[in-house]
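Asker: Quick one, protein.pdb (PDB, C-alpha atoms, pLDDT in the B column):
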```pdb
ATOM      1  CA  HIS A  13     126.252 151.782 113.991  1.00 40.00           C
ATOM      2  CA  GLY A  14     124.684 155.036 115.170  1.00 37.00           C
ATOM      3  CA  GLY A  15     126.451 157.888 116.899  1.00 38.00           C
ATOM      4  CA  LYS A  16     127.251 157.757 120.581  1.00 41.00           C
ATOM      5  CA  VAL A  17     125.334 159.940 123.034  1.00 42.00           C
ATOM      6  CA  LEU A  18     127.080 161.731 125.872  1.00 43.00           C
ATOM      7  CA  VAL A  19     124.951 163.058 128.711  1.00 43.00           C
ATOM      8  CA  LEU A  20     126.573 165.026 131.513  1.00 43.00           C
ATOM      9  CA  LEU A  21     124.497 165.343 134.693  1.00 43.00           C
ATOM     10  CA  GLY A  22     126.465 166.278 137.765  1.00 43.00           C
ATOM     11  CA  ARG A  23     129.675 164.762 139.081  1.00 45.00           C
ATOM     12  CA  GLY A  24     128.579 161.170 139.618  1.00 48.00           C
ATOM     13  CA  SER A  25     127.148 160.549 136.174  1.00 50.00           C
ATOM     14  CA  THR A  26     129.996 162.251 134.263  1.00 51.00           C
ATOM     15  CA  ALA A  27     132.443 159.433 134.872  1.00 52.00           C
ATOM     16  CA  ALA A  28     129.789 156.826 134.108  1.00 51.00           C
ATOM     17  CA  ALA A  29     128.819 158.537 130.863  1.00 51.00           C
ATOM     18  CA  MET A  30     132.483 158.810 129.820  1.00 53.00           C
ATOM     19  CA  ALA A  31     132.950 155.109 130.582  1.00 53.00           C
ATOM     20  CA  VAL A  32     129.980 154.254 128.363  1.00 50.00           C
ATOM     21  CA  ARG A  33     131.343 156.487 125.615  1.00 54.00           C
ATOM     22  CA  ARG A  34     134.752 154.833 125.740  1.00 57.00           C
ATOM     23  CA  GLY A  35     133.145 151.420 125.534  1.00 55.00           C
ATOM     24  CA  ARG A  36     134.051 150.141 128.971  1.00 58.00           C
ATOM     25  CA  LEU A  37     130.460 149.327 129.902  1.00 57.00           C
ATOM     26  CA  THR A  38     128.701 147.031 127.484  1.00 60.00           C
ATOM     27  CA  GLY A  39     125.421 145.212 127.279  1.00 64.00           C
ATOM     28  CA  PRO A  40     122.247 146.084 129.140  1.00 67.00           C
ATOM     29  CA  ALA A  41     124.093 148.019 131.871  1.00 66.00           C
ATOM     30  CA  SER A  42     125.199 150.733 129.456  1.00 69.00           C
ATOM     31  CA  ARG A  43     121.749 151.023 127.869  1.00 71.00           C
ATOM     32  CA  PHE A  44     120.129 151.268 131.289  1.00 73.00           C
ATOM     33  CA  LEU A  45     122.615 153.934 132.398  1.00 74.00           C
ATOM     34  CA  LEU A  46     122.114 156.039 129.260  1.00 76.00           C
ATOM     35  CA  LEU A  47     118.341 155.680 129.411  1.00 78.00           C
ATOM     36  CA  GLY A  48     118.307 156.794 133.058  1.00 77.00           C
ATOM     37  CA  ALA A  49     120.520 159.786 132.283  1.00 77.00           C
ATOM     38  CA  LEU A  50     118.324 160.837 129.341  1.00 76.00           C
ATOM     39  CA  VAL A  51     115.150 160.555 131.419  1.00 76.00           C
ATOM     40  CA  ALA A  52     116.707 162.621 134.215  1.00 73.00           C
ATOM     41  CA  ALA A  53     117.822 165.308 131.736  1.00 70.00           C
ATOM     42  CA  PHE A  54     114.359 165.435 130.172  1.00 67.00           C
ATOM     43  CA  LEU A  55     112.639 165.796 133.551  1.00 65.00           C
ATOM     44  CA  ALA A  56     115.063 168.519 134.656  1.00 63.00           C
ATOM     45  CA  ALA A  57     114.451 170.479 131.439  1.00 62.00           C
ATOM     46  CA  LEU A  58     110.692 169.975 131.685  1.00 57.00           C
ATOM     47  CA  ASP A  59     110.596 171.351 135.234  1.00 52.00           C
ATOM     48  CA  PHE A  60     111.848 174.799 134.190  1.00 51.00           C
ATOM     49  CA  LYS A  61     110.311 175.046 130.702  1.00 48.00           C
ATOM     50  CA  MET A  62     106.644 174.221 131.373  1.00 45.00           C
ATOM     51  CA  PRO A  63     104.212 176.993 130.413  1.00 50.00           C
ATOM     52  CA  VAL A  64     101.847 178.373 132.990  1.00 48.00           C
ATOM     53  CA  SER A  65      98.564 176.520 132.676  1.00 52.00           C
ATOM     54  CA  GLU A  66      95.071 177.638 133.551  1.00 45.00           C
ATOM     55  CA  ALA A  67      95.089 175.397 136.633  1.00 56.00           C
ATOM     56  CA  PHE A  68      98.324 176.940 137.945  1.00 78.00           C
ATOM     57  CA  GLN A  69      98.137 176.978 141.745  1.00 87.00           C
ATOM     58  CA  MET A  70     100.335 178.811 144.229  1.00 90.00           C
ATOM     59  CA  VAL A  71     100.499 179.200 147.969  1.00 92.00           C
ATOM     60  CA  CYS A  72      99.536 182.503 149.523  1.00 93.00           C
ATOM     61  CA  ALA A  73     102.575 183.813 151.387  1.00 93.00           C
ATOM     62  CA  ASP A  74     100.890 186.437 153.551  1.00 93.00           C
ATOM     63  CA  ASN A  75      98.688 186.361 156.647  1.00 92.00           C
ATOM     64  CA  SER A  76      95.495 187.537 154.938  1.00 90.00           C
ATOM     65  CA  GLY A  77      93.653 184.260 155.633  1.00 89.00           C
ATOM     66  CA  ILE A  78      93.895 182.914 152.084  1.00 90.00           C
ATOM     67  CA  TYR A  79      95.898 179.690 151.977  1.00 90.00           C
ATOM     68  CA  LYS A  80      95.892 178.823 148.259  1.00 90.00           C
ATOM     69  CA  VAL A  81      95.372 180.792 145.041  1.00 91.00           C
ATOM     70  CA  LYS A  82      94.623 179.608 141.512  1.00 89.00           C
ATOM     71  CA  LEU A  83      95.774 181.757 138.603  1.00 87.00           C
ATOM     72  CA  LEU A  84      93.122 183.114 136.222  1.00 83.00           C
ATOM     73  CA  SER A  85      94.953 185.708 134.119  1.00 76.00           C
ATOM     74  CA  GLY A  86      97.667 188.338 134.142  1.00 73.00           C
ATOM     75  CA  ILE A  87      96.870 192.038 134.663  1.00 73.00           C
ATOM     76  CA  GLY A  88      99.044 194.412 132.668  1.00 62.00           C
ATOM     77  CA  GLY A  89     102.233 192.465 133.291  1.00 49.00           C
ATOM     78  CA  SER A  90     105.135 191.607 131.052  1.00 51.00           C
ATOM     79  CA  GLY A  91     103.487 188.440 129.711  1.00 50.00           C
ATOM     80  CA  LYS A  92     102.221 187.788 126.209  1.00 52.00           C
ATOM     81  CA  GLY A  93      98.539 188.612 125.756  1.00 50.00           C
ATOM     82  CA  ASP A  94      97.963 186.684 122.531  1.00 51.00           C
ATOM     83  CA  ARG A  95      98.282 183.208 123.997  1.00 52.00           C
ATOM     84  CA  LYS A  96      95.594 181.034 125.440  1.00 54.00           C
ATOM     85  CA  LEU A  97      97.742 180.238 128.500  1.00 52.00           C
ATOM     86  CA  PRO A  98      98.847 183.273 130.526  1.00 59.00           C
ATOM     87  CA  GLN A  99     102.610 183.771 130.714  1.00 75.00           C
ATOM     88  CA  VAL A 100     103.410 185.421 134.025  1.00 82.00           C
ATOM     89  CA  TYR A 101     106.689 186.294 135.707  1.00 85.00           C
ATOM     90  CA  VAL A 102     107.877 187.387 139.129  1.00 90.00           C
ATOM     91  CA  GLY A 103     106.429 190.777 140.059  1.00 90.00           C
ATOM     92  CA  ASP A 104     103.368 190.579 137.810  1.00 89.00           C
ATOM     93  CA  MET A 105      99.936 191.419 139.174  1.00 91.00           C
ATOM     94  CA  VAL A 106      97.520 188.618 138.379  1.00 89.00           C
ATOM     95  CA  SER A 107      93.866 187.813 138.833  1.00 89.00           C
ATOM     96  CA  VAL A 108      93.393 184.767 141.075  1.00 90.00           C
ATOM     97  CA  VAL A 109      90.753 182.716 142.809  1.00 90.00           C
ATOM     98  CA  GLY A 110      91.511 182.728 146.540  1.00 90.00           C
ATOM     99  CA  TYR A 111      90.543 179.812 148.762  1.00 90.00           C
ATOM    100  CA  GLN A 112      89.827 180.501 152.428  1.00 88.00           C
ATOM    101  CA  LYS A 113      88.702 177.984 155.032  1.00 87.00           C
ATOM    102  CA  GLY A 114      85.012 178.195 155.787  1.00 86.00           C
ATOM    103  CA  SER A 115      84.038 180.614 153.019  1.00 87.00           C
ATOM    104  CA  PRO A 116      83.431 180.329 149.268  1.00 89.00           C
ATOM    105  CA  ALA A 117      86.218 181.085 146.792  1.00 89.00           C
ATOM    106  CA  LYS A 118      86.608 184.741 145.794  1.00 90.00           C
ATOM    107  CA  ILE A 119      88.184 186.386 142.763  1.00 92.00           C
ATOM    108  CA  MET A 120      90.906 188.844 143.813  1.00 93.00           C
ATOM    109  CA  ARG A 121      94.244 190.315 142.781  1.00 94.00           C
ATOM    110  CA  ALA A 122      97.672 189.058 143.753  1.00 94.00           C
ATOM    111  CA  VAL A 123     101.336 189.771 143.024  1.00 94.00           C
ATOM    112  CA  ILE A 124     103.670 186.862 142.320  1.00 93.00           C
ATOM    113  CA  ILE A 125     106.637 187.132 144.697  1.00 93.00           C
ATOM    114  CA  ARG A 126     108.555 183.934 143.852  1.00 91.00           C
ATOM    115  CA  MET A 127     108.462 181.235 141.187  1.00 90.00           C
ATOM    116  CA  ARG A 128     110.131 177.951 140.433  1.00 88.00           C
ATOM    117  CA  ARG A 129     110.944 179.278 136.977  1.00 85.00           C
ATOM    118  CA  GLN A 130     114.425 180.766 136.653  1.00 84.00           C
ATOM    119  CA  SER A 131     114.625 184.548 136.719  1.00 83.00           C
ATOM    120  CA  TYR A 132     117.635 186.752 136.110  1.00 85.00           C
ATOM    121  CA  ASN A 133     118.802 189.248 138.680  1.00 84.00           C
ATOM    122  CA  PRO A 134     117.576 192.728 137.661  1.00 84.00           C
ATOM    123  CA  THR A 135     120.873 194.364 138.649  1.00 83.00           C
ATOM    124  CA  GLY A 136     122.549 192.667 135.675  1.00 84.00           C
ATOM    125  CA  ASN A 137     125.272 190.840 137.571  1.00 86.00           C
ATOM    126  CA  GLY A 138     124.521 187.497 135.873  1.00 86.00           C
ATOM    127  CA  PHE A 139     122.996 185.640 138.813  1.00 87.00           C
ATOM    128  CA  VAL A 140     119.946 183.476 138.207  1.00 88.00           C
ATOM    129  CA  THR A 141     117.498 182.685 141.022  1.00 88.00           C
ATOM    130  CA  CYS A 142     114.777 180.092 141.336  1.00 87.00           C
ATOM    131  CA  PHE A 143     112.783 179.047 144.388  1.00 90.00           C
ATOM    132  CA  ASP A 144     111.317 175.769 145.581  1.00 90.00           C
ATOM    133  CA  THR A 145     107.686 176.994 145.584  1.00 90.00           C
ATOM    134  CA  ASN A 146     105.486 179.384 143.648  1.00 91.00           C
ATOM    135  CA  ALA A 147     103.953 182.011 145.921  1.00 93.00           C
ATOM    136  CA  ALA A 148     101.747 185.079 145.657  1.00 94.00           C
ATOM    137  CA  VAL A 149     100.599 187.889 147.961  1.00 95.00           C
ATOM    138  CA  ILE A 150      97.025 189.219 147.961  1.00 95.00           C
ATOM    139  CA  VAL A 151      96.774 192.949 147.113  1.00 95.00           C
ATOM    140  CA  ASP A 152      93.952 195.420 146.519  1.00 94.00           C
ATOM    141  CA  ALA A 153      93.304 197.291 143.268  1.00 90.00           C
ATOM    142  CA  LEU A 154      95.984 199.907 144.057  1.00 91.00           C
ATOM    143  CA  GLY A 155      98.668 197.324 144.867  1.00 90.00           C
ATOM    144  CA  ASN A 156      98.554 197.720 148.639  1.00 93.00           C
ATOM    145  CA  PRO A 157      98.983 194.425 150.513  1.00 93.00           C
ATOM    146  CA  VAL A 158      95.998 192.980 152.361  1.00 93.00           C
ATOM    147  CA  GLY A 159      98.075 191.106 154.954  1.00 92.00           C
ATOM    148  CA  SER A 160     100.573 192.602 157.365  1.00 93.00           C
ATOM    149  CA  LYS A 161     103.412 190.062 156.972  1.00 94.00           C
ATOM    150  CA  ILE A 162     104.948 188.019 154.138  1.00 93.00           C
ATOM    151  CA  ASN A 163     106.334 184.581 154.921  1.00 92.00           C
ATOM    152  CA  GLY A 164     109.399 183.346 153.070  1.00 92.00           C
ATOM    153  CA  PRO A 165     111.758 184.993 150.587  1.00 93.00           C
ATOM    154  CA  MET A 166     110.860 187.433 147.824  1.00 93.00           C
ATOM    155  CA  ASP A 167     112.533 187.772 144.439  1.00 92.00           C
ATOM    156  CA  LYS A 168     114.607 190.917 143.972  1.00 91.00           C
ATOM    157  CA  ALA A 169     112.744 191.912 140.783  1.00 91.00           C
ATOM    158  CA  CYS A 170     109.475 191.870 142.708  1.00 92.00           C
ATOM    159  CA  ALA A 171     111.005 193.855 145.583  1.00 93.00           C
ATOM    160  CA  MET A 172     112.198 196.566 143.204  1.00 93.00           C
ATOM    161  CA  ARG A 173     108.816 196.794 141.491  1.00 93.00           C
ATOM    162  CA  TRP A 174     106.672 196.618 144.656  1.00 94.00           C
ATOM    163  CA  PRO A 175     108.500 198.393 147.548  1.00 93.00           C
ATOM    164  CA  LYS A 176     105.450 198.199 149.854  1.00 93.00           C
ATOM    165  CA  LEU A 177     105.581 194.411 149.625  1.00 93.00           C
ATOM    166  CA  ALA A 178     109.341 194.382 150.146  1.00 93.00           C
ATOM    167  CA  SER A 179     108.934 196.212 153.446  1.00 93.00           C
ATOM    168  CA  LEU A 180     106.793 193.346 154.793  1.00 93.00           C
ATOM    169  CA  THR A 181     109.285 190.541 154.190  1.00 91.00           C
ATOM    170  CA  ASN A 182     112.548 189.660 155.884  1.00 89.00           C
ATOM    171  CA  ILE A 183     114.367 187.977 152.982  1.00 88.00           C
ATOM    172  CA  VAL A 184     114.917 189.444 149.514  1.00 90.00           C
ATOM    173  CA  CYS A 185     116.921 187.202 147.173  1.00 83.00           C
TER
END
```
Just give me the structure as C-alpha cells.
Answerer:
Amino acid sequence: HGGKVLVLLGRGSTAAAMAVRRGRLTGPASRFLLLGALVAAFLAALDFKMPVSEAFQMVCADNSGIYKVKLLSGIGGSGKGDRKLPQVYVGDMVSVVGYQKGSPAKIMRAVIIRMRRQSYNPTGNGFVTCFDTNAAVIVDALGNPVGSKINGPMDKACAMRWPKLASLTNIVC
C-alpha cells in the first residue's frame, strides 16, 4: 500500500478529503474525488506560476484608442535579462505592439498597471494583491501617459513608481 494523499482546497473539499483519508469513502468515488482535487490544485498553481510568454497579451486600460497590446520585451525593469522569455512585473515599462481599429499595428511603450500574478504590497504590511485581468497604459518615451483617463484599478507599486499615471485613475489597490 502507498501513502495517503491529503489535499485541502477550501471549506467544502476539506471534509471530503478528511473522509477519504480516514477511509470512509471507498472505491471509485474516493479516487474520483482525489483526482478532481489534485487537478484543481494543479490548475490553481499553474495560473499564478506561468512565465510571461512572447505572445503575452493585455488590454489597454486608457482612452488612447489602443484596445489590445502584445508584449515584446521589458525596458529597464526589474525583470531578468538573461532569459528568452521576458519576466515583467507591475510598474515595469515594456515595449508592446498596439492594436487600433482601422490602422496597422504600431510598436510603442507601455507601463503595466495590473497583473493576474500575485504582487506584494510595497508598504510591507504583508498584503498580497492580484487582479482579474492584465492591463497596460500607453506612455511616451519620457513616461508621460498618452491617454487622459485610466479605466479600472491600479496596483499600489505602480502608483508609487509612476505618480503621473496614478493621478489619472480613481482606484489604487
Asker: Taking all atoms listed in the file into account, name the residue in A:Ala122, A:Ile162, A:Leu45, A:Val51 that is nearest to Gly110 of chain A.
Answerer: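 Ranked by minimum distance to Gly110 of chain A, first place goes to A:Ala122.
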Asker: Evaluate the PyMOL selection byres ((chain A and resi 161) around 8) here and jot the selected residues down as a VMD selection string.
Answerer: chain A and resid 74 to 75 159 to 160 162 to 163 180 to 181
Asker: Find the residue from A:Leu84, A:Ala52, A:Ile119, A:Ile150 that sits nearest to Cys72 of chain A; use only C-alpha atoms when measuring.
Answerer: A:Ile150
Asker: With the file shown as input, list the residues that the PyMOL selection byres ((chain A and resi 81) around 6) selects, as a list in words.
Answerer: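 Selected by the PyMOL selection byres ((chain A and resi 81) around 6) here: Gln69, Met70, Lys80, Lys82, Val108, Val109 and Gly110 of chain A.
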Asker: Would you mind reading off the distance between atom CA of Ala171 of chain A and atom CA of Lys113 of chain A, one decimal, in Å?
Answerer: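 Atom CA of Lys113 of chain A lies at a distance of 29.0 Å from atom CA of Ala171 of chain A.
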Asker: Kindly give the distance, in Å, that separates atom CA of Ser85 of chain A and atom CA of Ile183 of chain A, rounded to a single decimal.
Answerer: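 Rounded to one decimal, the two atoms are 27.2 Å apart.
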Asker: Atom CA of Arg126 of chain A and atom CA of Val100 of chain A are how many Å apart?
Answerer: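 It comes out at 11.2 Å.
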Asker: Between A:Arg43, A:Gly114, A:Tyr101, A:Leu154, which one has atoms that come closest to Arg128 of chain A, using all atoms listed in the file?
Answerer: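 The closest residue to Arg128 of chain A is A:Tyr101.
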Asker: How would segment 97-120 of chain A read, as a PDB file, in the frame of the given file, once N, CA, C and O atoms are built in?
Answerer:
```pdb
ATOM      1  N   LEU A  97      97.248 180.424 127.143  1.00 52.00           N
ATOM      2  CA  LEU A  97      97.742 180.238 128.500  1.00 52.00           C
ATOM      3  C   LEU A  97      98.486 181.494 128.940  1.00 52.00           C
ATOM      4  O   LEU A  97      99.342 181.988 128.223  1.00 52.00           O
ATOM      5  N   PRO A  98      98.181 182.043 130.098  1.00 59.00           N
ATOM      6  CA  PRO A  98      98.847 183.273 130.526  1.00 59.00           C
ATOM      7  C   PRO A  98     100.307 183.017 130.889  1.00 59.00           C
ATOM      8  O   PRO A  98     100.627 182.067 131.590  1.00 59.00           O
ATOM      9  N   GLN A  99     101.188 183.852 130.388  1.00 75.00           N
ATOM     10  CA  GLN A  99     102.610 183.771 130.714  1.00 75.00           C
ATOM     11  C   GLN A  99     102.898 184.860 131.746  1.00 75.00           C
ATOM     12  O   GLN A  99     102.832 186.041 131.424  1.00 75.00           O
ATOM     13  N   VAL A 100     103.173 184.460 132.963  1.00 82.00           N
ATOM     14  CA  VAL A 100     103.410 185.421 134.025  1.00 82.00           C
ATOM     15  C   VAL A 100     104.821 185.234 134.572  1.00 82.00           C
ATOM     16  O   VAL A 100     105.409 184.161 134.464  1.00 82.00           O
ATOM     17  N   TYR A 101     105.342 186.292 135.158  1.00 85.00           N
ATOM     18  CA  TYR A 101     106.689 186.294 135.707  1.00 85.00           C
ATOM     19  C   TYR A 101     106.645 186.887 137.111  1.00 85.00           C
ATOM     20  O   TYR A 101     105.618 187.377 137.566  1.00 85.00           O
ATOM     21  N   VAL A 102     107.779 186.852 137.777  1.00 90.00           N
ATOM     22  CA  VAL A 102     107.877 187.387 139.129  1.00 90.00           C
ATOM     23  C   VAL A 102     107.624 188.889 139.093  1.00 90.00           C
ATOM     24  O   VAL A 102     108.165 189.605 138.257  1.00 90.00           O
ATOM     25  N   GLY A 103     106.754 189.359 139.987  1.00 90.00           N
ATOM     26  CA  GLY A 103     106.429 190.777 140.059  1.00 90.00           C
ATOM     27  C   GLY A 103     105.184 191.166 139.296  1.00 90.00           C
ATOM     28  O   GLY A 103     104.756 192.312 139.384  1.00 90.00           O
ATOM     29  N   ASP A 104     104.583 190.257 138.556  1.00 89.00           N
ATOM     30  CA  ASP A 104     103.368 190.579 137.810  1.00 89.00           C
ATOM     31  C   ASP A 104     102.152 190.548 138.723  1.00 89.00           C
ATOM     32  O   ASP A 104     102.054 189.702 139.610  1.00 89.00           O
ATOM     33  N   MET A 105     101.216 191.470 138.483  1.00 91.00           N
ATOM     34  CA  MET A 105      99.936 191.419 139.174  1.00 91.00           C
ATOM     35  C   MET A 105      99.019 190.522 138.363  1.00 91.00           C
ATOM     36  O   MET A 105      98.919 190.665 137.144  1.00 91.00           O
ATOM     37  N   VAL A 106      98.363 189.595 139.046  1.00 89.00           N
ATOM     38  CA  VAL A 106      97.520 188.618 138.379  1.00 89.00           C
ATOM     39  C   VAL A 106      96.146 188.585 139.032  1.00 89.00           C
ATOM     40  O   VAL A 106      95.970 189.032 140.163  1.00 89.00           O
ATOM     41  N   SER A 107      95.199 188.051 138.305  1.00 89.00           N
ATOM     42  CA  SER A 107      93.866 187.813 138.833  1.00 89.00           C
ATOM     43  C   SER A 107      93.795 186.356 139.271  1.00 89.00           C
ATOM     44  O   SER A 107      94.128 185.463 138.493  1.00 89.00           O
ATOM     45  N   VAL A 108      93.379 186.118 140.512  1.00 90.00           N
ATOM     46  CA  VAL A 108      93.393 184.767 141.075  1.00 90.00           C
ATOM     47  C   VAL A 108      92.054 184.459 141.746  1.00 90.00           C
ATOM     48  O   VAL A 108      91.273 185.358 142.040  1.00 90.00           O
ATOM     49  N   VAL A 109      91.845 183.172 141.966  1.00 90.00           N
ATOM     50  CA  VAL A 109      90.753 182.716 142.809  1.00 90.00           C
ATOM     51  C   VAL A 109      91.377 182.338 144.143  1.00 90.00           C
ATOM     52  O   VAL A 109      92.267 181.487 144.200  1.00 90.00           O
ATOM     53  N   GLY A 110      90.952 182.985 145.215  1.00 90.00           N
ATOM     54  CA  GLY A 110      91.511 182.728 146.540  1.00 90.00           C
ATOM     55  C   GLY A 110      90.634 181.783 147.330  1.00 90.00           C
ATOM     56  O   GLY A 110      89.414 181.928 147.361  1.00 90.00           O
ATOM     57  N   TYR A 111      91.256 180.790 147.952  1.00 90.00           N
ATOM     58  CA  TYR A 111      90.543 179.812 148.762  1.00 90.00           C
ATOM     59  C   TYR A 111      90.814 180.076 150.233  1.00 90.00           C
ATOM     60  O   TYR A 111      91.960 180.142 150.656  1.00 90.00           O
ATOM     61  N   GLN A 112      89.742 180.228 151.001  1.00 88.00           N
ATOM     62  CA  GLN A 112      89.827 180.501 152.428  1.00 88.00           C
ATOM     63  C   GLN A 112      88.979 179.469 153.153  1.00 88.00           C
ATOM     64  O   GLN A 112      87.924 179.072 152.663  1.00 88.00           O
ATOM     65  N   LYS A 113      89.437 179.009 154.296  1.00 87.00           N
ATOM     66  CA  LYS A 113      88.702 177.984 155.032  1.00 87.00           C
ATOM     67  C   LYS A 113      87.374 178.549 155.530  1.00 87.00           C
ATOM     68  O   LYS A 113      87.327 179.616 156.131  1.00 87.00           O
ATOM     69  N   GLY A 114      86.315 177.820 155.272  1.00 86.00           N
ATOM     70  CA  GLY A 114      85.012 178.195 155.787  1.00 86.00           C
ATOM     71  C   GLY A 114      84.243 179.205 154.969  1.00 86.00           C
ATOM     72  O   GLY A 114      83.158 179.608 155.369  1.00 86.00           O
ATOM     73  N   SER A 115      84.766 179.654 153.837  1.00 87.00           N
ATOM     74  CA  SER A 115      84.038 180.614 153.019  1.00 87.00           C
ATOM     75  C   SER A 115      84.211 180.237 151.556  1.00 87.00           C
ATOM     76  O   SER A 115      85.180 179.566 151.188  1.00 87.00           O
ATOM     77  N   PRO A 116      83.299 180.667 150.684  1.00 89.00           N
ATOM     78  CA  PRO A 116      83.431 180.329 149.268  1.00 89.00           C
ATOM     79  C   PRO A 116      84.624 181.042 148.625  1.00 89.00           C
ATOM     80  O   PRO A 116      85.109 182.058 149.130  1.00 89.00           O
ATOM     81  N   ALA A 117      85.075 180.504 147.499  1.00 89.00           N
ATOM     82  CA  ALA A 117      86.218 181.085 146.792  1.00 89.00           C
ATOM     83  C   ALA A 117      85.850 182.462 146.239  1.00 89.00           C
ATOM     84  O   ALA A 117      84.717 182.690 145.812  1.00 89.00           O
ATOM     85  N   LYS A 118      86.822 183.382 146.279  1.00 90.00           N
ATOM     86  CA  LYS A 118      86.608 184.741 145.794  1.00 90.00           C
ATOM     87  C   LYS A 118      87.644 185.075 144.729  1.00 90.00           C
ATOM     88  O   LYS A 118      88.785 184.619 144.807  1.00 90.00           O
ATOM     89  N   ILE A 119      87.252 185.904 143.774  1.00 92.00           N
ATOM     90  CA  ILE A 119      88.184 186.386 142.763  1.00 92.00           C
ATOM     91  C   ILE A 119      88.836 187.657 143.301  1.00 92.00           C
ATOM     92  O   ILE A 119      88.152 188.574 143.758  1.00 92.00           O
ATOM     93  N   MET A 120      90.160 187.707 143.270  1.00 93.00           N
ATOM     94  CA  MET A 120      90.906 188.844 143.813  1.00 93.00           C
ATOM     95  C   MET A 120      92.200 189.025 143.040  1.00 93.00           C
ATOM     96  O   MET A 120      92.487 188.266 142.115  1.00 93.00           O
TER      97      MET A 120
END
```
